[in-house]
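As stored in coords-v9.cif (mmCIF, C-alpha atoms and all ligand atoms):
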```cif
data_work
loop_
_atom_site.label_atom_id
_atom_site.label_comp_id
_atom_site.auth_asym_id
_atom_site.auth_seq_id
_atom_site.Cartn_x
_atom_site.Cartn_y
_atom_site.Cartn_z
CA MET V 223 -14.67 0.75 4.56
CA GLY V 224 -11.59 2.94 4.64
CA THR V 225 -8.68 2.82 7.03
CA TYR V 226 -9.07 2.79 10.78
CA SER V 227 -8.01 6.44 10.78
CA GLN V 228 -10.73 7.36 8.27
CA GLN V 229 -13.34 5.39 10.21
CA THR V 230 -12.40 7.16 13.44
CA LYS V 231 -12.69 10.56 11.77
CA GLU V 232 -15.98 9.68 10.12
CA GLU V 233 -17.37 8.75 13.52
CA LEU V 234 -16.17 12.08 14.95
CA ALA V 235 -17.57 14.00 11.98
CA ARG V 236 -21.03 12.61 12.77
CA LYS V 237 -20.81 13.79 16.35
CA TYR V 238 -22.44 17.15 17.03
CA PRO V 239 -21.77 18.86 20.34
CA ALA V 240 -24.88 19.56 22.37
CA GLN V 241 -23.68 22.72 24.06
CA LYS V 242 -23.02 26.05 22.41
CA CYS V 243 -19.69 26.50 24.19
CA CYS V 244 -18.46 23.24 22.62
CA VAL V 245 -19.73 24.15 19.14
CA LYS V 246 -17.62 27.28 19.39
CA ALA V 247 -14.55 25.42 20.67
CA GLU V 248 -14.71 22.79 17.91
CA LEU V 249 -15.19 25.44 15.23
CA ALA V 250 -12.30 27.45 16.64
CA ALA V 251 -10.02 24.41 16.32
CA ILE V 252 -11.15 23.56 12.77
CA VAL V 253 -10.67 27.12 11.51
CA ARG V 254 -7.21 27.31 13.16
CA ALA V 255 -6.23 23.93 11.72
CA CYS V 256 -7.36 24.36 8.12
CA GLY V 257 -8.63 27.88 7.67
CA SER V 258 -7.05 30.79 5.90
CA LEU V 259 -7.90 34.43 5.62
CA HIS V 260 -7.88 36.25 2.30
CA LEU V 261 -8.17 39.87 1.44
CA ARG V 262 -10.30 40.15 -1.67
CA ALA V 263 -9.96 42.64 -4.50
CA ASN V 264 -12.78 44.77 -3.11
CA HIS V 265 -10.93 44.97 0.25
CA SER V 266 -13.32 42.66 2.00
CA TYR V 267 -12.25 39.58 3.88
CA MET V 268 -12.91 35.99 3.06
CA VAL V 269 -12.30 32.96 5.30
CA THR V 270 -11.70 29.67 3.53
CA ILE V 271 -11.73 26.30 5.25
CA SER V 272 -10.06 23.78 3.02
CA SER V 273 -9.89 19.98 3.35
CA GLU V 274 -9.93 16.73 1.41
CA SER V 275 -12.58 15.42 3.77
CA ALA V 276 -16.16 16.04 2.64
CA ALA V 277 -17.36 14.93 6.08
CA LEU V 278 -15.29 17.62 7.79
CA ILE V 279 -16.51 20.37 5.46
CA ARG V 280 -20.12 19.23 5.88
CA LYS V 281 -19.76 19.27 9.64
CA THR V 282 -18.05 22.67 9.67
CA ARG V 283 -20.85 24.15 7.62
CA LEU V 284 -23.46 22.78 10.01
CA LEU V 285 -21.58 24.05 13.06
CA LEU V 286 -21.27 27.51 11.49
CA LYS V 287 -24.96 27.51 10.79
CA LYS V 288 -25.77 26.39 14.32
CA TYR V 289 -23.54 28.94 16.03
CA PHE V 290 -23.55 31.93 13.66
CA GLN V 291 -26.62 31.27 11.52
CA LEU V 292 -24.29 31.66 8.54
CA SER V 293 -24.12 29.40 5.53
CA GLY V 294 -20.86 29.17 3.66
CA ARG V 295 -20.34 28.39 0.03
CA ILE V 296 -18.79 25.02 -0.81
CA ILE V 297 -16.45 24.67 -3.78
CA VAL V 298 -15.22 21.27 -4.95
CA GLU V 299 -11.93 20.98 -6.82
CA ASP V 300 -10.05 18.07 -8.29
CA SER V 301 -6.72 18.16 -6.52
CA GLY V 302 -5.17 16.28 -9.44
CA ARG V 303 -3.43 13.50 -7.59
CA PHE V 304 -4.94 10.07 -6.90
CA ASN V 305 -8.41 11.25 -7.96
CA ARG V 306 -8.62 13.13 -4.72
CA ARG V 307 -10.94 16.03 -4.27
CA ARG V 308 -10.44 19.15 -2.24
CA TYR V 309 -13.35 20.95 -0.69
CA ARG V 310 -13.39 24.62 0.18
CA LEU V 311 -15.90 26.25 2.42
CA GLN V 312 -15.94 30.00 1.91
CA LEU V 313 -17.33 32.62 4.24
CA ILE V 314 -17.68 36.04 2.71
CA GLY V 315 -19.02 39.42 3.74
CA ALA V 316 -16.98 41.76 5.90
CA ARG V 317 -19.43 41.77 8.79
CA ASN V 318 -19.81 37.99 8.86
CA VAL V 319 -16.11 37.37 8.67
CA LYS V 320 -15.34 39.86 11.43
CA ARG V 321 -17.96 38.34 13.67
CA VAL V 322 -16.67 34.81 13.15
CA LEU V 323 -13.05 35.82 13.71
CA ALA V 324 -13.91 37.79 16.82
CA GLU V 325 -16.09 35.07 18.36
CA LEU V 326 -13.56 32.34 17.64
CA GLU V 327 -10.86 34.62 19.04
CA ILE V 328 -8.92 34.74 15.82
CA LEU V 329 -7.39 38.14 15.13
CA ALA V 330 -8.35 40.02 12.00
CA ASP V 331 -4.76 40.50 10.87
CA GLY V 332 -4.34 36.82 10.06
CA ILE V 333 -5.18 33.42 11.43
CA ASN V 334 -3.89 33.55 14.97
CA SER V 335 -3.34 29.97 15.89
CA GLY V 336 -2.74 30.09 19.61
CA ILE V 337 -5.38 28.64 21.89
CA PRO V 338 -6.94 31.26 24.20
CA SER V 339 -7.81 29.78 27.58
CA THR V 340 -11.30 31.32 27.37
CA LEU V 341 -12.15 28.84 24.59
CA VAL V 342 -11.14 25.76 26.54
CA ARG V 343 -12.17 26.49 30.11
CA THR V 344 -14.03 23.25 30.80
CA ASP V 345 -13.51 19.60 29.93
CA CYS V 346 -16.42 19.56 27.48
CA CYS V 347 -14.86 22.40 25.46
CA ARG V 348 -11.34 20.93 25.69
CA ALA V 349 -12.64 17.67 24.25
CA ALA V 350 -14.49 19.58 21.52
CA PHE V 351 -11.39 21.61 20.62
CA LEU V 352 -9.17 18.52 20.43
CA ARG V 353 -11.85 16.73 18.40
CA GLY V 354 -11.89 19.60 15.89
CA ALA V 355 -8.10 19.61 15.61
CA PHE V 356 -7.90 15.83 15.21
CA LEU V 357 -10.71 15.82 12.63
CA ALA V 358 -9.00 18.54 10.63
CA ARG V 359 -5.37 17.38 10.76
CA GLY V 360 -5.11 14.17 12.73
CA SER V 361 -4.44 10.53 12.00
CA ILE V 362 -4.18 7.31 13.96
CA THR V 363 -2.45 4.03 13.10
CA ASP V 364 -4.41 0.84 12.69
CA PRO V 365 -4.50 -1.02 16.04
CA GLN V 366 -3.57 -4.21 14.14
CA LYS V 367 -0.11 -2.71 13.66
CA GLN V 368 2.56 -3.27 16.26
CA ASN V 369 2.93 0.31 17.50
CA TYR V 370 0.14 2.62 18.55
CA HIS V 371 0.54 6.18 17.27
CA LEU V 372 -1.78 9.17 17.00
CA GLU V 373 -0.77 12.55 15.63
CA ILE V 374 -1.99 15.98 14.61
CA THR V 375 0.11 17.94 12.15
CA THR V 376 0.25 21.67 11.50
CA GLU V 377 2.55 24.19 9.82
CA ASN V 378 1.96 26.57 12.68
CA GLU V 379 4.27 26.47 15.67
CA GLU V 380 1.91 28.39 17.93
CA PHE V 381 -0.96 26.00 17.22
CA ALA V 382 1.31 22.98 17.78
CA LEU V 383 2.45 24.36 21.14
CA GLY V 384 -1.15 25.09 22.09
CA LEU V 385 -2.28 21.56 21.21
CA HIS V 386 0.63 20.04 23.10
CA TYR V 387 -0.21 22.12 26.17
CA LEU V 388 -3.93 21.34 25.93
CA MET V 389 -3.34 17.58 25.60
CA ASN V 390 -1.13 17.61 28.68
CA LEU V 391 -3.69 19.70 30.53
CA CYS V 392 -6.24 16.96 29.82
CA GLY V 393 -3.91 14.27 31.14
CA PHE V 394 -2.40 12.95 27.91
CA ARG V 395 1.37 12.95 27.69
CA ALA V 396 1.98 14.45 24.26
CA GLY V 397 5.21 14.80 22.34
CA THR V 398 6.06 17.23 19.55
CA HIS V 399 8.57 17.05 16.74
CA GLN V 400 9.26 19.26 13.78
CA ARG V 401 10.29 18.32 10.28
CA LYS V 402 8.56 20.04 7.40
CA GLU V 403 5.69 20.74 9.73
CA TYR V 404 4.96 20.32 13.42
CA THR V 405 3.62 17.02 14.68
CA VAL V 406 1.99 16.68 18.07
CA TYR V 407 1.70 12.99 18.88
CA LEU V 408 0.58 10.46 21.46
CA LYS V 409 2.05 6.99 21.95
CA GLY V 410 0.84 3.83 23.65
CA ALA V 411 -2.45 1.95 23.46
CA GLU V 412 -3.67 3.11 26.86
CA THR V 413 -3.11 6.86 26.23
CA ILE V 414 -4.47 6.76 22.69
CA GLY V 415 -7.51 4.75 23.77
CA ARG V 416 -8.28 7.30 26.48
CA PHE V 417 -7.77 10.17 24.02
CA ILE V 418 -10.08 8.96 21.26
CA SER V 419 -12.70 8.13 23.82
CA PHE V 420 -12.26 11.60 25.42
CA ILE V 421 -12.90 13.31 22.08
CA GLY V 422 -15.96 11.14 21.46
CA ALA V 423 -14.86 8.29 19.17
CA HIS V 424 -16.39 5.59 21.36
CA GLY V 425 -16.95 3.15 18.49
CA ALA V 426 -13.32 3.46 17.38
CA PHE V 427 -12.22 3.02 21.00
CA LEU V 428 -14.17 -0.23 21.34
CA ALA V 429 -12.81 -1.51 18.02
CA MET V 430 -9.29 -0.71 19.22
CA GLU V 431 -9.86 -2.44 22.56
CA GLU V 432 -11.11 -5.55 20.81
CA VAL V 433 -7.97 -5.76 18.69
CA ARG V 434 -5.78 -4.99 21.70
CA VAL V 435 -7.32 -7.74 23.83
CA PHE V 436 -6.98 -10.19 20.95
CA LYS V 437 -3.33 -9.21 20.44
CA GLU V 438 -2.60 -9.64 24.14
CA MET V 439 -4.28 -13.03 24.17
CA ARG V 440 -2.34 -14.14 21.12
CA ASN V 441 0.93 -13.04 22.72
CA GLU V 442 0.07 -14.90 25.90
CA VAL V 443 -0.78 -18.07 23.96
CA ASN V 444 2.48 -17.81 22.02
CA ARG V 445 4.40 -17.33 25.24
CA LEU V 446 2.80 -20.40 26.80
CA VAL V 447 3.38 -22.51 23.70
CA ASN V 448 7.04 -21.47 23.57
CA CYS V 449 7.41 -22.18 27.26
CA GLU V 450 5.83 -25.61 26.91
CA THR V 451 8.02 -26.43 23.92
CA ALA V 452 11.11 -25.45 25.91
CA ASN V 453 10.03 -27.63 28.85
CA LEU V 454 9.29 -30.53 26.57
CA GLU V 455 12.70 -30.27 24.92
CA LYS V 456 14.32 -30.13 28.33
CA SER V 457 12.52 -33.25 29.53
CA VAL V 458 13.30 -35.18 26.33
CA ARG V 459 16.96 -34.24 26.59
CA ALA V 460 17.00 -35.35 30.24
CA GLY V 461 15.33 -38.64 29.28
CA LEU V 462 17.98 -39.40 26.64
CA GLU V 463 20.76 -38.63 29.13
CA GLN V 464 19.16 -40.99 31.63
CA VAL V 465 19.09 -43.71 28.96
CA GLU V 466 22.85 -43.32 28.51
CA VAL V 467 23.48 -43.60 32.23
CA ILE V 468 21.25 -46.67 32.60
CA LYS V 469 23.01 -48.33 29.64
CA ALA V 470 26.32 -47.70 31.40
CA LEU V 471 25.00 -49.23 34.66
CA LYS V 472 23.93 -52.24 32.63
CA ALA V 473 27.35 -52.50 30.98
CA TRP V 474 29.06 -52.38 34.37
CA ASN V 475 26.78 -55.18 35.61
CA VAL V 476 25.48 -52.90 38.33
CA LEU V 477 21.85 -52.70 37.30
CA ALA V 478 20.94 -56.29 38.07
CA LYS V 479 22.19 -55.88 41.65
CA LEU V 480 20.02 -52.84 42.41
CA PRO V 481 16.66 -52.98 44.28
CA ALA V 482 13.67 -54.01 42.16
CA SER V 483 12.11 -50.55 42.45
CA LEU V 484 15.16 -48.97 40.75
CA GLN V 485 15.39 -51.72 38.16
CA GLU V 486 11.76 -51.13 37.21
CA ILE V 487 12.35 -47.41 36.63
CA ALA V 488 15.51 -48.18 34.62
CA ARG V 489 13.62 -50.67 32.45
CA LEU V 490 10.74 -48.22 31.85
CA ARG V 491 13.20 -45.49 30.92
CA LEU V 492 14.98 -47.73 28.42
CA GLU V 493 11.64 -48.69 26.88
CA HIS V 494 10.37 -45.07 26.78
CA PRO V 495 13.34 -42.74 26.30
CA GLU V 496 11.22 -39.67 25.53
CA ALA V 497 8.50 -40.07 28.17
CA SER V 498 8.19 -37.51 30.95
CA LEU V 499 8.70 -38.55 34.57
CA ARG V 500 4.94 -38.32 35.09
CA GLU V 501 4.34 -40.66 32.15
CA LEU V 502 6.96 -43.12 33.48
CA GLY V 503 5.11 -43.05 36.83
CA GLU V 504 1.86 -43.96 35.10
CA LEU V 505 3.56 -46.91 33.39
CA ALA V 506 4.92 -48.30 36.67
CA ASN V 507 3.18 -51.13 38.49
CA PRO V 508 1.75 -50.00 40.82
CA PRO V 509 1.68 -46.45 39.38
CA LEU V 510 4.03 -43.92 40.97
CA SER V 511 3.80 -40.19 41.50
CA LYS V 512 6.07 -37.91 39.50
CA SER V 513 8.09 -37.10 42.60
CA ALA V 514 8.54 -40.81 43.44
CA VAL V 515 9.86 -41.43 39.92
CA ASN V 516 12.11 -38.40 40.22
CA HIS V 517 13.43 -39.67 43.56
CA ARG V 518 14.28 -43.09 42.09
CA MET V 519 15.82 -41.62 38.97
CA ARG V 520 18.09 -39.40 41.08
CA LYS V 521 19.16 -42.46 43.05
CA LEU V 522 20.08 -44.24 39.81
CA LEU V 523 22.10 -41.26 38.61
CA LYS V 524 23.84 -40.97 41.98
CA ILE V 525 24.85 -44.64 41.91
CA ALA V 526 26.11 -44.22 38.36
CA GLU V 527 28.20 -41.21 39.46
CA THR V 528 29.93 -43.19 42.18
CA PHE V 529 30.70 -45.91 39.65
CA VAL V 530 32.03 -43.45 37.12
CA GLY V 531 34.38 -42.18 39.84
CA ARG V 532 35.53 -45.71 40.70
CA GLU V 533 35.92 -46.69 37.05
CA GLU V 534 38.13 -43.67 36.46
CA MET V 535 40.24 -44.45 39.54
CA ASN V 536 40.63 -48.07 38.50
CA SER V 537 41.30 -47.43 34.88
CA PRO V 538 45.01 -47.82 34.15
CA GLY V 539 46.97 -44.84 32.90
ZN ZN V 601 -18.28 23.13 26.28
#
```
Structure rendered as structure tokens:
Amino acid sequence: MGTYSQQTKEELARKYPAQKCCVKAELAAIVRACGSLHLRANHSYMVTISSESAALIRKTRLLLKKYFQLSGRIIVEDSGRFNRRRYRLQLIGARNVKRVLAELEILADGINSGIPSTLVRTDCCRAAFLRGAFLARGSITDPQKQNYHLEITTENEEFALGLHYLMNLCGFRAGTHQRKEYTVYLKGAETIGRFISFIGAHGAFLAMEEVRVFKEMRNEVNRLVNCETANLEKSVRAGLEQVEVIKALKAWNVLAKLPASLQEIARLRLEHPEASLRELGELANPPLSKSAVNHRMRKLLKIAETFVGREEMNSPG
């Protein structure tokens, strides 16, 4: 299955741009993100694209074939750690290499990592370029996690600045930070959702939306449950206080002198200390509305208050 990040990248690796301009843009991003230029012993150039992702190397080879009619050589190495493998796609031959570098607007004196505007003139090519960069060096956190985060890392400052600019140009508010390498990142479910869908990971976008909707629903349910619990506690506490007051009225011999309607509510409250006002209303004969019960209960409390005042005045000392 793999992580959500791996699944997203596998989906993108299976996506082949229909237009030639986009093939070029995606290739240009991949070569900038994980390509290097070597001068060989016989003074000819070699371009190597290196990655731990077989899917990326496979795709790069197909794109090169489609655009340049060139087939590169693939070398598989054990990278030693965690049984991981590293794949290298090599392009050799001075003429081939020069042609690729010139077409992808990479200078022959090294891998120039800036992003020429000619490569990303239209939305289709911008999406293709960002897809290539994300495929080569990107990752995305699992939507199940609390925070949404997507990033593309690179050692190259110029490439990082270019990606940051391009993302903003396409309407995504990117951030960049630098530690050992540069990280261009996006935050927030809405922005990241739009981004992965922009670069063509529609399946991953839908999976993310599903999780997001579920998370929102769960939060809403929790909020309602908490709210209800709080209300319930409040009403139980109020009920117990009312019981105390009614007991006092009884002790002062006041209760028996009150109208029957108030006596009934007092009796029901004493019998059902934890019932809500609505429930007390249902128990009354004839049944009463919640507001009628509330009205009578307030009257009882008011009477008790006046008696408390009198008791205090009359009490000696
Ligand atoms: Zn295009």
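In this model, the gap between atom CA of V:Leu492 and atom CA of V:Lys469 comes to 8.1 Å.
All protein and nucleic acid residues in the vicinity of (-5.8, 16.1, 5.4), that is within 10 Å when counting all atoms listed in the file, are Cys256, Ser272, Ser273, Glu274, Ser275, Leu278, Arg308, Leu357, Ala358, Arg359, Gly360, Ser361, Ile374 and Thr375 of chain V.
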Problem set entry | Residue neighbourhood V:Glu412, 12 Å, all atoms listed in the file, exclusion window fewer than 5 positions, as a ChimeraX atom specification | /V:365,369-372,393-395,417-419,427,430-431,434-435
For this session: Write out as a PyMOL selection string which residues come within 9 Å of V:Tyr309 when counting all atoms listed in the file, dropping same-chain ones fewer than 2 positions away.
Result: chain V and resi 271-276+279+296-300+307+311
Expected file: the selected residues, C-alpha atoms, as an mmCIF file, in the coordinates of the input:
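Produced file again04.cif, reproduced below:
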```cif
data_model
loop_
_atom_site.group_PDB
_atom_site.id
_atom_site.type_symbol
_atom_site.label_atom_id
_atom_site.label_comp_id
_atom_site.auth_asym_id
_atom_site.auth_seq_id
_atom_site.Cartn_x
_atom_site.Cartn_y
_atom_site.Cartn_z
ATOM 1 C CA ILE V 271 -11.730 26.300 5.250
ATOM 2 C CA SER V 272 -10.060 23.780 3.020
ATOM 3 C CA SER V 273 -9.890 19.980 3.350
ATOM 4 C CA GLU V 274 -9.930 16.730 1.410
ATOM 5 C CA SER V 275 -12.580 15.420 3.770
ATOM 6 C CA ALA V 276 -16.160 16.040 2.640
ATOM 7 C CA ILE V 279 -16.510 20.370 5.460
ATOM 8 C CA ILE V 296 -18.790 25.020 -0.810
ATOM 9 C CA ILE V 297 -16.450 24.670 -3.780
ATOM 10 C CA VAL V 298 -15.220 21.270 -4.950
ATOM 11 C CA GLU V 299 -11.930 20.980 -6.820
ATOM 12 C CA ASP V 300 -10.050 18.070 -8.290
ATOM 13 C CA ARG V 307 -10.940 16.030 -4.270
ATOM 14 C CA LEU V 311 -15.900 26.250 2.420
#
```
Problem set entry | Surrounding residues as a ChimeraX atom specification, ligand ZN 601 (chain V), max 10 Å, all atoms listed in the file | /V:239-248,341-351
